[in-house]
Each structure stands twice: as structure tokens, then as C-alpha cells.
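Trainee: Got a structure for you, model25.cif, holding mmCIF, C-alpha atoms.
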data_work
#
loop_
_atom_site.label_atom_id
_atom_site.label_comp_id
_atom_site.auth_asym_id
_atom_site.auth_seq_id
_atom_site.Cartn_x
_atom_site.Cartn_y
_atom_site.Cartn_z
CA MET H 103 6.95 13.11 0.43
CA VAL H 104 8.72 14.10 3.67
CA GLY H 105 7.62 10.84 5.27
CA SER H 106 8.79 8.86 2.26
CA VAL H 107 12.24 10.46 2.45
CA ALA H 108 12.48 9.69 6.17
CA SER H 109 11.39 6.05 5.80
CA GLY H 110 14.62 4.95 4.05
CA PRO H 111 17.08 5.90 6.83
CA MET H 112 14.59 4.69 9.47
CA MET H 113 14.34 1.26 7.81
CA LEU H 114 18.13 1.02 7.63
CA GLU H 115 18.62 1.77 11.32
CA LEU H 116 15.49 0.30 12.91
CA GLY H 117 14.19 -2.29 10.46
CA GLN H 118 10.71 -2.32 8.94
CA ARG H 119 8.84 -3.56 12.01
CA VAL H 120 10.32 -1.10 14.50
CA THR H 121 9.93 1.77 12.01
CA ILE H 122 6.18 1.12 11.89
CA LEU H 123 5.98 0.64 15.67
CA ALA H 124 7.80 3.93 16.29
CA THR H 125 5.52 5.79 13.87
CA LEU H 126 2.14 4.48 15.04
CA PRO H 127 2.00 6.70 18.18
CA PHE H 128 2.42 9.78 15.96
CA ALA H 129 -0.46 8.51 13.82
CA ALA H 130 -2.59 8.22 16.96
CA VAL H 131 -1.71 11.81 17.89
CA GLY H 132 -2.73 12.99 14.41
CA TRP H 133 -6.10 11.24 14.61
CA MET H 134 -6.83 12.56 18.10
CA LEU H 135 -6.01 16.10 16.98
CA LEU H 136 -8.61 15.71 14.25
CA VAL H 137 -11.14 14.46 16.80
CA PHE H 138 -10.68 17.12 19.49
CA SER H 139 -9.10 20.23 17.92
CA GLN H 140 -11.20 23.40 17.79
CA ARG H 141 -8.76 25.49 15.75
CA VAL H 142 -8.16 25.37 12.02
CA TRP H 143 -4.36 25.44 12.42
CA LEU H 144 -4.57 22.34 14.63
CA LEU H 145 -6.57 20.54 11.95
CA ILE H 146 -3.85 21.45 9.45
CA VAL H 147 -1.15 20.17 11.84
CA ALA H 148 -3.11 16.93 12.22
CA ARG H 149 -3.27 16.46 8.45
CA VAL H 150 0.46 17.20 8.12
CA ILE H 151 1.27 14.58 10.77
CA LEU H 152 -0.96 11.96 9.15
CA GLY H 153 0.45 12.77 5.72
CA ALA H 154 4.02 12.30 6.93
CA VAL H 155 3.07 9.11 8.76
CA SER H 156 1.42 7.69 5.63
CA GLY H 157 4.62 8.38 3.69
CA ILE H 158 6.66 6.50 6.29
CA PHE H 159 4.30 3.50 6.42
CA GLY H 160 4.26 2.83 2.67
CA GLY H 161 7.76 1.38 2.26
CA PRO H 162 8.24 -0.61 5.50
CA SER H 163 4.84 -2.33 5.37
CA ASN H 164 5.35 -3.72 1.86
CA ASN H 165 9.01 -4.55 2.42
CA PHE H 166 8.23 -6.31 5.69
CA VAL H 167 5.69 -8.61 4.03
CA ALA H 168 8.07 -9.28 1.12
CA GLU H 169 10.96 -10.18 3.44
CA ILE H 170 9.16 -12.42 5.92
CA SER H 171 7.22 -14.40 3.28
CA HIS H 172 8.46 -17.49 1.46
CA SER H 173 8.94 -17.00 -2.28
CA SER H 174 6.22 -19.58 -3.05
CA VAL H 175 3.49 -17.47 -1.39
CA ARG H 176 4.93 -13.96 -1.63
CA GLY H 177 2.55 -12.87 -4.40
CA ARG H 178 -0.50 -14.02 -2.46
CA LEU H 179 0.68 -12.44 0.80
CA ALA H 180 1.29 -9.13 -0.98
CA GLY H 181 -2.29 -9.45 -2.18
CA MET H 182 -3.46 -10.08 1.40
CA LEU H 183 -1.79 -6.82 2.42
CA ASP H 184 -3.76 -4.96 -0.22
CA LEU H 185 -6.90 -6.92 0.64
CA PHE H 186 -6.90 -5.54 4.16
CA ARG H 187 -6.18 -2.10 2.76
CA GLN H 188 -9.28 -2.32 0.56
CA LEU H 189 -11.30 -3.67 3.48
CA GLY H 190 -10.19 -0.53 5.30
CA PHE H 191 -11.61 1.67 2.54
CA LEU H 192 -14.86 -0.30 2.57
CA PHE H 193 -14.99 0.03 6.36
CA VAL H 194 -14.65 3.83 6.09
CA TYR H 195 -17.32 3.96 3.36
CA VAL H 196 -19.74 2.06 5.60
CA ILE H 197 -18.92 4.15 8.69
CA GLY H 198 -19.24 7.35 6.64
CA SER H 199 -22.71 6.39 5.45
CA THR H 200 -24.02 6.20 9.04
CA ASN H 201 -25.15 9.04 11.30
CA LEU H 202 -21.72 9.46 12.86
CA THR H 203 -20.16 12.92 12.63
CA TRP H 204 -16.83 13.32 10.89
CA ARG H 205 -15.11 13.64 14.28
CA GLN H 206 -16.66 10.39 15.50
CA THR H 207 -15.63 8.74 12.24
CA CYS H 208 -12.06 9.93 12.86
CA MET H 209 -12.17 8.44 16.37
CA VAL H 210 -13.20 5.04 14.98
CA CYS H 211 -10.58 5.18 12.20
CA GLY H 212 -7.84 6.36 14.56
CA CYS H 213 -8.37 3.58 17.11
CA THR H 214 -8.71 0.89 14.44
CA THR H 215 -5.60 1.85 12.46
CA THR H 216 -3.21 2.50 15.34
CA VAL H 217 -4.05 0.36 18.40
CA ILE H 218 -4.63 -2.95 16.60
CA PRO H 219 -1.47 -2.81 14.39
CA PHE H 220 0.67 -1.69 17.35
CA LEU H 221 -0.44 -4.63 19.52
CA ALA H 222 -0.01 -7.10 16.64
CA LEU H 223 3.49 -5.89 15.67
CA TRP H 224 4.64 -5.84 19.30
CA TYR H 225 4.44 -9.65 19.52
CA ILE H 226 6.15 -10.65 16.26
CA PRO H 227 9.90 -10.60 15.47
CA ASN H 228 11.84 -8.46 13.00
CA SER H 229 12.47 -9.56 9.43
CA PRO H 230 15.10 -12.36 9.21
CA ARG H 231 16.80 -10.58 6.32
CA TRP H 232 17.14 -7.33 8.22
CA LEU H 233 18.51 -9.17 11.26
CA VAL H 234 21.09 -10.94 9.09
CA SER H 235 22.07 -7.61 7.51
CA ARG H 236 22.79 -6.35 11.06
CA LEU H 237 24.77 -9.56 11.79
CA ARG H 238 22.27 -10.66 14.47
CA LEU H 239 22.26 -14.28 13.31
CA SER H 240 20.81 -15.94 16.41
CA GLU H 241 17.82 -13.58 16.33
CA ALA H 242 17.47 -14.19 12.59
CA ARG H 243 17.27 -17.94 13.23
CA GLU H 244 14.54 -17.45 15.84
CA SER H 245 12.67 -15.09 13.53
CA LEU H 246 12.81 -17.51 10.61
CA LEU H 247 11.61 -20.32 12.88
CA PHE H 248 8.68 -18.13 13.96
CA TYR H 249 7.61 -17.31 10.38
CA ARG H 250 8.22 -20.77 8.87
CA GLY H 251 7.08 -23.01 11.72
CA LYS H 252 8.74 -25.86 13.61
CA ASN H 253 8.32 -28.40 10.80
CA TYR H 254 10.27 -26.31 8.28
CA CYS H 255 14.00 -26.82 7.81
CA ILE H 256 15.27 -23.27 8.19
CA ASP H 257 19.00 -23.98 7.82
CA ASN H 258 19.08 -23.87 4.01
CA GLU H 259 17.08 -20.65 3.79
CA LEU H 260 19.11 -19.00 6.54
CA GLU H 261 22.34 -19.99 4.80
CA GLU H 262 21.02 -18.58 1.52
CA ILE H 263 20.03 -15.28 3.14
CA ASN H 264 23.41 -15.07 4.86
CA TYR H 265 25.22 -15.79 1.59
CA GLN H 266 23.25 -13.10 -0.25
CA LEU H 267 23.89 -10.48 2.39
CA GLN H 268 27.30 -11.26 3.84
CA SER H 269 29.10 -9.19 1.21
CA THR H 270 26.75 -6.23 1.60
CA ALA H 271 25.77 -6.23 5.29
CA LYS H 272 28.45 -3.74 6.31
CA LYS H 273 28.96 -2.06 2.99
CA ASN H 274 25.34 -0.92 2.65
CA SER H 275 24.47 -0.21 6.27
CA SER H 276 24.47 3.61 5.93
CA VAL H 277 22.52 6.07 3.80
CA LYS H 278 25.77 7.30 2.23
CA GLU H 279 26.75 3.80 1.13
CA GLN H 280 23.23 3.13 -0.14
CA LEU H 281 23.35 6.30 -2.28
CA ARG H 282 26.57 5.08 -3.88
CA ASN H 283 24.61 2.12 -5.24
CA LEU H 284 22.88 4.52 -7.63
CA SER H 285 26.10 4.60 -9.63
CA ASN H 286 25.39 0.95 -10.45
CA ARG H 287 23.74 1.03 -13.87
CA SER H 288 21.49 -1.96 -13.18
CA ILE H 289 20.17 -0.50 -9.92
CA LEU H 290 19.68 2.97 -11.43
CA LYS H 291 17.71 1.41 -14.30
CA ARG H 292 15.41 -0.44 -11.87
CA VAL H 293 14.85 2.64 -9.69
CA SER H 294 14.08 4.77 -12.77
CA LEU H 295 11.65 2.18 -14.15
CA LEU H 296 9.82 1.81 -10.82
CA SER H 297 9.70 5.58 -10.26
CA LEU H 298 8.16 6.06 -13.72
CA LEU H 299 5.66 3.25 -13.10
CA PHE H 300 4.62 4.59 -9.70
CA SER H 301 4.31 8.16 -11.01
CA ALA H 302 2.28 7.07 -14.02
CA TYR H 303 -0.06 5.00 -11.85
CA GLN H 304 -1.18 8.18 -10.09
CA PHE H 305 -2.64 9.34 -13.42
CA SER H 306 -4.94 6.30 -13.60
CA GLY H 307 -7.47 8.26 -11.53
CA ASN H 308 -7.71 5.52 -8.91
CA PHE H 309 -7.19 7.79 -5.92
CA SER H 310 -9.52 10.49 -7.23
CA MET H 311 -12.27 7.91 -7.73
CA MET H 312 -11.59 6.46 -4.30
CA LEU H 313 -11.77 9.78 -2.43
CA PHE H 314 -14.56 11.48 -4.36
CA SER H 315 -16.91 8.56 -5.07
CA VAL H 316 -19.80 10.11 -3.14
CA THR H 317 -19.40 13.45 -4.97
CA ILE H 318 -19.27 11.70 -8.35
CA PHE H 319 -22.38 9.65 -7.71
CA GLN H 320 -24.23 12.71 -6.38
CA SER H 321 -23.83 14.29 -9.82
CA VAL H 322 -25.21 11.24 -11.66
CA ASP H 323 -28.81 11.73 -10.52
CA SER H 324 -29.38 7.99 -10.23
CA HIS H 325 -32.16 6.21 -8.33
CA ILE H 326 -29.39 4.46 -6.33
CA SER H 327 -28.14 6.43 -3.31
CA GLU H 328 -24.65 7.90 -3.68
CA TYR H 329 -23.64 6.21 -0.40
CA THR H 330 -24.97 2.85 -1.54
CA SER H 331 -23.13 3.24 -4.86
CA THR H 332 -19.91 4.07 -3.03
CA ILE H 333 -20.25 1.01 -0.77
CA ILE H 334 -20.88 -1.16 -3.86
CA VAL H 335 -17.67 0.19 -5.42
CA GLY H 336 -15.84 -0.46 -2.13
CA GLY H 337 -17.10 -4.05 -2.21
CA VAL H 338 -15.87 -4.46 -5.78
CA ARG H 339 -12.41 -3.30 -4.61
CA VAL H 340 -12.33 -6.16 -2.10
CA ILE H 341 -13.53 -8.70 -4.69
CA ALA H 342 -10.82 -7.49 -7.09
CA VAL H 343 -8.04 -8.15 -4.60
CA PHE H 344 -9.48 -11.62 -3.93
CA SER H 345 -9.27 -12.23 -7.67
CA TYR H 346 -5.66 -11.03 -7.70
CA ILE H 347 -4.74 -13.39 -4.86
CA LEU H 348 -6.13 -16.31 -6.86
CA MET H 349 -4.18 -15.29 -9.98
CA ALA H 350 -1.01 -13.84 -8.43
CA ASP H 351 1.24 -16.89 -8.56
CA LYS H 352 -0.38 -18.47 -11.64
CA LEU H 353 -0.09 -15.67 -14.21
CA GLY H 354 2.94 -13.57 -15.02
CA ARG H 355 3.15 -10.15 -13.35
CA ARG H 356 3.75 -8.37 -16.67
CA ILE H 357 0.74 -9.75 -18.57
CA LEU H 358 -1.59 -9.27 -15.61
CA LEU H 359 -0.44 -5.69 -15.01
CA ILE H 360 -0.67 -4.55 -18.63
CA SER H 361 -4.10 -6.16 -19.13
CA ALA H 362 -5.48 -4.63 -15.92
CA LEU H 363 -4.25 -1.14 -16.76
CA ILE H 364 -5.62 -1.22 -20.33
CA LEU H 365 -9.07 -2.37 -19.14
CA SER H 366 -9.16 0.19 -16.32
CA GLY H 367 -8.27 2.92 -18.84
CA LEU H 368 -11.11 1.89 -21.15
CA SER H 369 -13.67 1.79 -18.33
CA ILE H 370 -12.75 5.22 -16.93
CA SER H 371 -13.07 6.57 -20.49
CA VAL H 372 -16.67 5.35 -20.46
CA VAL H 373 -17.30 7.38 -17.28
CA GLY H 374 -15.77 10.46 -18.89
CA GLY H 375 -17.81 9.88 -22.04
CA TYR H 376 -21.04 9.67 -20.02
CA PHE H 377 -20.51 13.05 -18.37
CA PHE H 378 -19.31 14.60 -21.65
CA VAL H 379 -22.50 13.56 -23.45
CA ARG H 380 -24.68 14.62 -20.50
CA ASN H 381 -23.10 18.09 -20.53
CA LEU H 382 -24.25 18.40 -24.15
CA ASP H 383 -27.81 18.41 -22.73
CA TYR H 384 -28.69 14.92 -23.87
CA ALA H 385 -31.21 13.06 -21.69
CA MET H 386 -29.03 10.57 -19.83
CA LYS H 387 -31.45 9.70 -17.03
CA PRO H 388 -32.30 6.26 -18.54
CA TYR H 389 -28.55 5.51 -18.62
CA SER H 390 -27.70 6.63 -15.08
CA TRP H 391 -26.56 3.08 -14.31
CA ILE H 392 -23.55 3.46 -16.64
CA PRO H 393 -21.25 5.38 -14.22
CA LEU H 394 -21.77 2.82 -11.44
CA LEU H 395 -21.08 -0.11 -13.76
CA ALA H 396 -18.09 1.56 -15.44
CA LEU H 397 -16.58 2.71 -12.13
CA SER H 398 -17.02 -0.79 -10.70
CA VAL H 399 -15.12 -2.23 -13.67
CA PHE H 400 -12.52 0.51 -13.31
CA VAL H 401 -11.81 -0.10 -9.62
CA TYR H 402 -11.84 -3.86 -10.19
CA PHE H 403 -8.91 -3.68 -12.59
CA THR H 404 -7.00 -0.90 -10.81
CA CYS H 405 -7.19 -2.96 -7.61
CA ILE H 406 -5.64 -5.86 -9.49
CA ALA H 407 -2.89 -3.63 -10.88
CA GLU H 408 -1.99 -1.89 -7.62
CA PRO H 409 -0.74 -4.90 -5.59
CA ILE H 410 1.33 -6.01 -8.60
CA ILE H 411 3.02 -2.60 -8.72
CA MET H 412 3.67 -2.72 -4.97
CA LEU H 413 5.06 -6.26 -5.26
CA LEU H 414 7.36 -5.27 -8.12
CA ARG H 415 8.90 -2.63 -5.87
CA GLY H 416 9.98 -5.34 -3.44
CA GLU H 417 11.00 -7.88 -6.11
CA LEU H 418 12.96 -5.65 -8.53
CA LEU H 419 14.99 -3.74 -5.95
CA PRO H 420 17.97 -5.74 -4.66
CA THR H 421 17.96 -6.43 -0.93
CA SER H 422 21.14 -4.42 -0.44
CA PHE H 423 19.43 -1.29 -1.78
CA ARG H 424 15.80 -1.94 -0.83
CA PRO H 425 15.45 0.50 2.13
CA LEU H 426 16.64 3.61 0.29
CA GLY H 427 15.34 2.43 -3.10
CA THR H 428 11.84 2.01 -1.68
CA SER H 429 12.07 5.49 -0.16
CA ILE H 430 13.04 7.06 -3.50
CA VAL H 431 10.30 5.26 -5.44
CA THR H 432 7.66 6.20 -2.85
CA VAL H 433 8.64 9.88 -3.14
CA PHE H 434 7.80 9.71 -6.85
CA PHE H 435 4.56 7.91 -5.98
#
Once more with this new file: its structure as C-alpha cells, please.
Mentor:
Amino acid sequence: MVGSVASGPMMLELGQRVTILATLPFAAVGWMLLVFSQRVWLLIVARVILGAVSGIFGGPSNNFVAEISHSSVRGRLAGMLDLFRQLGFLFVYVIGSTNLTWRQTCMVCGCTTTVIPFLALWYIPNSPRWLVSRLRLSEARESLLFYRGKNYCIDNELEEINYQLQSTAKKNSSVKEQLRNLSNRSILKRVSLLSLLFSAYQFSGNFSMMLFSVTIFQSVDSHISEYTSTIIVGGVRVIAVFSYILMADKLGRRILLISALILSGLSISVVGGYFFVRNLDYAMKPYSWIPLLALSVFVYFTCIAEPIIMLLRGELLPTSFRPLGTSIVTVFF
């Protein structure tokens, strides 16, 4: 939550790209503390640092993708962002199932999630919209040319961005001015709706299933290894995001989101029902495949719902209020 609060002012002053770049070294420090620390209090400090860093990353990463992408492919690119996120979970599941110690696993994760993004972000420009909001029009032109390519006529899009932001570039450049936007009934309604949606999504059980998959499958007493089951579920997460990318710009966000959440709720109820019946001392050994199947269905639909929710945050919040609005919504998340 502390990181989420800090991300809004940082995005306003530095832009999304520089906010992430400035935060990545702290993430590296947190990972290395986990790898080398021999004291419990240092492990706690490491987790605090990584928790704050995660809170900062959430808003800028999604906003950055939303702002640099063309409207015709924005849904698919938001899906690509979540695809790599799910590939990250699968990567950790696979690494965790090897003979590496938890410290060695942290070393692999730390290097992968800090060095590669830092080098990649170093060589790309800031968001055109953020540059226009800071009245750096020549840089915005170069940025738009970089993201659209030489064969794209950038003048119309640049003029449209400039028109949208010229009345708000100065007026909304500080946290104080951004907070005043909450008096706007339309903006307050959107922030309240998104905050409720993000808070409610936490109750889907997605993150509990994601973090405790091995523990859950250990209690099933199945002939399939708990690590193998977890990797299968991680693979399903990746397949789900692929499915979302294919459907993102063809189906409406609302229908897709509601359908995915209803089906994920039904499937997690099946998992709960299995353990409830088993605790009544019924012989459930012949049905030990049910939790793996039900959890696979569950993560499939939650991984379709999640990128839609993240995309809605970028699409429903007006550009003039997006930095602080994203921060507020992420706090509730």
C-alpha cells in the first residue's frame, strides 16, 4: 500500500518509464538481501522493500503500456503484459520444483526481474502522452515515431493528444491539483467503481491459489506430484492469457469479464466442495483428479478476467487524472 501511494506522485513527476527505472535498483537490493542475509530482521527488511517496490510497479507498468499503444491493439498489448506476468509465475514454479535452494531461487528471480527490464527500458523513450503533458512536444514527436514506426503518419495522433491534454497539462501537473479532480462527480464515480472492482477481485481466491498451489495439492493425496500439478496449473495460466489476447478486441470487456468471473466462482466452489466432502470421511481417493481439473478451470477464467480489470483501470480513468487515480485504485487492490 505504501508503494501504491508513492507511485502516483512519482508518475506525475517522472513519468511511468523513469518511475520503473528508478525503482528497479531497490528491487535488486531487496532480492540480494533475501539471497545473502543471515538475520531474520534483514529478511523482513527485504520483504518490506520488495512489497513497496511491487506497489510502485503496478500502476506505471499498466499505464505505460496503455499510453504507448495504439487504440486498435491496446487490448491485445495489455494481454501481452499479463502473458509475460503469467510466464513469470510458470518460470518460478519450474525453478521451485528443481533442486535449487530458496536462496538460489531468489538469485535467479532477482536477476531476471531487475536486470533485463532495466536494460530494456533504458533504450526506449517515455510515453508520448506524458511528454505532451509536460509540454515537451519535440520529444513527444520522436517518441511517437519510435512506437508507431516510420511509415505511420504521426501528425494526426500527436495533434489529437495535444488537443486532449492542452487544457489540463498545467492544471493537473501536481498532486494537489489531481486531488481536486475528485470533486468531479464523473471521476469520483469511476474511481469508486474501479476501487470496488479491484477490492472484490481479491476475494476471488486467485492469489491464494497462486501462492499456495503446492500446499493445496499436497493435501489432495493424488498420484500426480504436487509440483507437477502446480506446473500444469501455471501452464493453464499462460494458455488463458493467450485465449484472452485472441478475444480481447473481438468481444466486449463487460460480457467477457462477467462470464469469466462467474465460471471461476463455480469452479472454485467445486474445489471447496471436494475438501468439504473429504473432511466428512468419505473415500475421495478415486476422485483425487477433481481438484486439479477444477483449479485449472478456475485459473483459466481468473487469468482472463485479470487483464480486463487491469485494462479497465487505464481506459476508464481520464488521462488528466490517471497517475493519481491509478495510485488510489491500486491501494484498494
Trainee: Expressed in Å to a single decimal, how great is the separation between atom CA of Ser156 of chain H and atom CA of Arg355 of chain H?
Mentor: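 So the two atoms, atom CA of Ser156 of chain H and atom CA of Arg355 of chain H, lie 26.1 Å apart.
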Trainee: Which residue is closest to Asn258 of chain H? Choose from H:Leu246, H:Leu179, H:Gly190, H:Val155 and count all atoms listed in the file.
Mentor: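 Using all atoms listed in the file, Asn258 of chain H sits closest to H:Leu246.
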Trainee: On this file, the PyMOL selection byres ((chain H and resi 325) around 10) gives some set of residues; write that set as a VMD selection string.
Mentor: chain H and resid 322 to 324 326 to 328 387 390 to 391
Trainee: Between H:Leu290, H:Leu183, H:Ile430, H:Leu223, which has the minimum distance to Ile410 of chain H (counting only C-alpha atoms)?
Mentor: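 Closest to Ile410 of chain H, using only C-alpha atoms: H:Leu183.
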Trainee: Go through the shown structure with the PyMOL selection byres ((chain H and resi 199-216) around 7) and write out the matching residues as a list in words.
Mentor: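 Here the PyMOL selection byres ((chain H and resi 199-216) around 7) matches Leu126, Ala129, Ala130, Trp133, Met134, Leu136, Val137, Tyr195, Val196, Ile197, Gly198, Val217, Ile218, Pro219, Phe220 and Tyr329 of chain H.
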Trainee: Grab the atom CA of Val104 of chain H to atom CA of Gly307 of chain H distance for me, in Å with one decimal place.
Mentor: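 The value is 23.0 Å.
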Trainee: Taking 6 positions as the minimum chain separation for residues in the same chain, which residues sit within 12 Å of Gly367 of chain H when counting only C-alpha atoms? Answer as a short mmCIF file (atom, residue, chain, number, x, y, z; two decimals) with C-alpha atoms, keeping the file's coordinate frame.
Mentor:
data_model
loop_
_atom_site.label_atom_id
_atom_site.label_comp_id
_atom_site.auth_asym_id
_atom_site.auth_seq_id
_atom_site.Cartn_x
_atom_site.Cartn_y
_atom_site.Cartn_z
CA TYR H 303 -0.06 5.00 -11.85
CA PHE H 305 -2.64 9.34 -13.42
CA SER H 306 -4.94 6.30 -13.60
CA GLY H 307 -7.47 8.26 -11.53
CA ASN H 308 -7.71 5.52 -8.91
CA ILE H 360 -0.67 -4.55 -18.63
CA SER H 361 -4.10 -6.16 -19.13
CA VAL H 373 -17.30 7.38 -17.28
CA GLY H 374 -15.77 10.46 -18.89
CA ALA H 396 -18.09 1.56 -15.44
CA LEU H 397 -16.58 2.71 -12.13
CA VAL H 399 -15.12 -2.23 -13.67
CA PHE H 400 -12.52 0.51 -13.31
CA VAL H 401 -11.81 -0.10 -9.62
CA TYR H 402 -11.84 -3.86 -10.19
CA PHE H 403 -8.91 -3.68 -12.59
CA THR H 404 -7.00 -0.90 -10.81
CA ALA H 407 -2.89 -3.63 -10.88
#
Trainee: Quick one: of H:Val431, H:Leu368, H:Met349, H:Leu419, who's nearest to Val175 of chain H, counting all atoms listed in the file?
Mentor: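 Looking only at the distances to Val175 of chain H, the closest residue turns out to be H:Met349.
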Trainee: Report, in Å with one decimal, the straight-line distance from atom CA of Gly251 of chain H to atom CA of Leu189 of chain H.
Mentor: 27.9 Å
Trainee: Between H:Ile170, H:Ile256, H:Ile411, H:Leu239, which residue has the minimum interatomic distance to Pro227 of chain H, considering all atoms listed in the file?
Mentor: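 Closest to Pro227 of chain H of all the choices is H:Ile170.
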Trainee: Please identify all polymer residues within 12 Å of Ile341 of chain H, counting all atoms listed in the file, omitting same-chain residues fewer than 2 positions from it, and present them as an MDAnalysis selection string.
Mentor: chainID H and resid 181:182 184:186 188:189 192 334:339 343:348 398:399 401:406
Trainee: When you count all atoms listed in the file, which of these residues is closest to Pro111 of chain H: H:Ala385, H:Arg282, H:Gly161, H:Arg178?
Mentor: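 When distances to Pro111 of chain H are compared using all atoms listed in the file, the smallest one comes from H:Gly161.
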Trainee: Given the PyMOL selection byres ((chain H and resi 426) around 9) and the file above, list the residues it selects as JSON, numbers by chain.
Mentor: {"H": [107, 109, 110, 111, 113, 114, 277, 280, 281, 423, 424, 425, 427, 428, 429, 430, 431]}
Trainee: Extract, using only C-alpha atoms, all DNA, RNA and protein residues at most 12 Å from Tyr265 of chain H, discarding same-chain residues fewer than 6 positions from it, and format them as an mmCIF file with C-alpha atoms, in the coordinates of the input.
Mentor:
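Result saved to result_22.cif:
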data_model
loop_
_atom_site.group_PDB
_atom_site.id
_atom_site.type_symbol
_atom_site.label_atom_id
_atom_site.label_comp_id
_atom_site.auth_asym_id
_atom_site.auth_seq_id
_atom_site.Cartn_x
_atom_site.Cartn_y
_atom_site.Cartn_z
ATOM 1 C CA ARG H 231 16.800 -10.580 6.320
ATOM 2 C CA VAL H 234 21.090 -10.940 9.090
ATOM 3 C CA SER H 235 22.070 -7.610 7.510
ATOM 4 C CA LEU H 237 24.770 -9.560 11.790
ATOM 5 C CA ASN H 258 19.080 -23.870 4.010
ATOM 6 C CA GLU H 259 17.080 -20.650 3.790
ATOM 7 C CA ALA H 271 25.770 -6.230 5.290
#
Trainee: Please, could N, CA and C atoms be added to segment 179-192 of chain H and the result written as a JSON list (two decimals), keeping the file's coordinate frame?
Mentor:
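In the end it all went to out-v5.json:
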[["chain", "number", "residue", "atom", "x", "y", "z"],
["H", 179, "LEU", "N", 0.62, -13.21, -0.44],
["H", 179, "LEU", "CA", 0.68, -12.44, 0.80],
["H", 179, "LEU", "C", 0.69, -10.93, 0.52],
["H", 180, "ALA", "N", 1.35, -10.54, -0.58],
["H", 180, "ALA", "CA", 1.29, -9.13, -0.98],
["H", 180, "ALA", "C", -0.15, -8.75, -1.30],
["H", 181, "GLY", "N", -0.88, -9.69, -1.91],
["H", 181, "GLY", "CA", -2.29, -9.45, -2.18],
["H", 181, "GLY", "C", -3.10, -9.34, -0.90],
["H", 182, "MET", "N", -2.75, -10.16, 0.12],
["H", 182, "MET", "CA", -3.46, -10.08, 1.40],
["H", 182, "MET", "C", -3.26, -8.71, 2.04],
["H", 183, "LEU", "N", -2.06, -8.15, 1.89],
["H", 183, "LEU", "CA", -1.79, -6.82, 2.42],
["H", 183, "LEU", "C", -2.72, -5.80, 1.79],
["H", 184, "ASP", "N", -2.87, -5.89, 0.47],
["H", 184, "ASP", "CA", -3.76, -4.96, -0.22],
["H", 184, "ASP", "C", -5.22, -5.28, 0.05],
["H", 185, "LEU", "N", -5.53, -6.55, 0.31],
["H", 185, "LEU", "CA", -6.90, -6.92, 0.64],
["H", 185, "LEU", "C", -7.37, -6.21, 1.90],
["H", 186, "PHE", "N", -6.52, -6.21, 2.93],
["H", 186, "PHE", "CA", -6.90, -5.54, 4.16],
["H", 186, "PHE", "C", -6.94, -4.02, 3.97],
["H", 187, "ARG", "N", -6.14, -3.52, 3.08],
["H", 187, "ARG", "CA", -6.18, -2.10, 2.76],
["H", 187, "ARG", "C", -7.54, -1.75, 2.14],
["H", 188, "GLN", "N", -7.99, -2.58, 1.20],
["H", 188, "GLN", "CA", -9.28, -2.32, 0.56],
["H", 188, "GLN", "C", -10.43, -2.54, 1.54],
["H", 189, "LEU", "N", -10.29, -3.50, 2.44],
["H", 189, "LEU", "CA", -11.30, -3.67, 3.48],
["H", 189, "LEU", "C", -11.37, -2.43, 4.37],
["H", 190, "GLY", "N", -10.22, -1.77, 4.54],
["H", 190, "GLY", "CA", -10.19, -0.53, 5.30],
["H", 190, "GLY", "C", -10.98, 0.57, 4.61],
["H", 191, "PHE", "N", -10.83, 0.69, 3.28],
["H", 191, "PHE", "CA", -11.61, 1.67, 2.54],
["H", 191, "PHE", "C", -13.10, 1.37, 2.64],
["H", 192, "LEU", "N", -13.45, 0.09, 2.48],
["H", 192, "LEU", "CA", -14.86, -0.30, 2.57],
["H", 192, "LEU", "C", -15.41, 0.01, 3.96]]
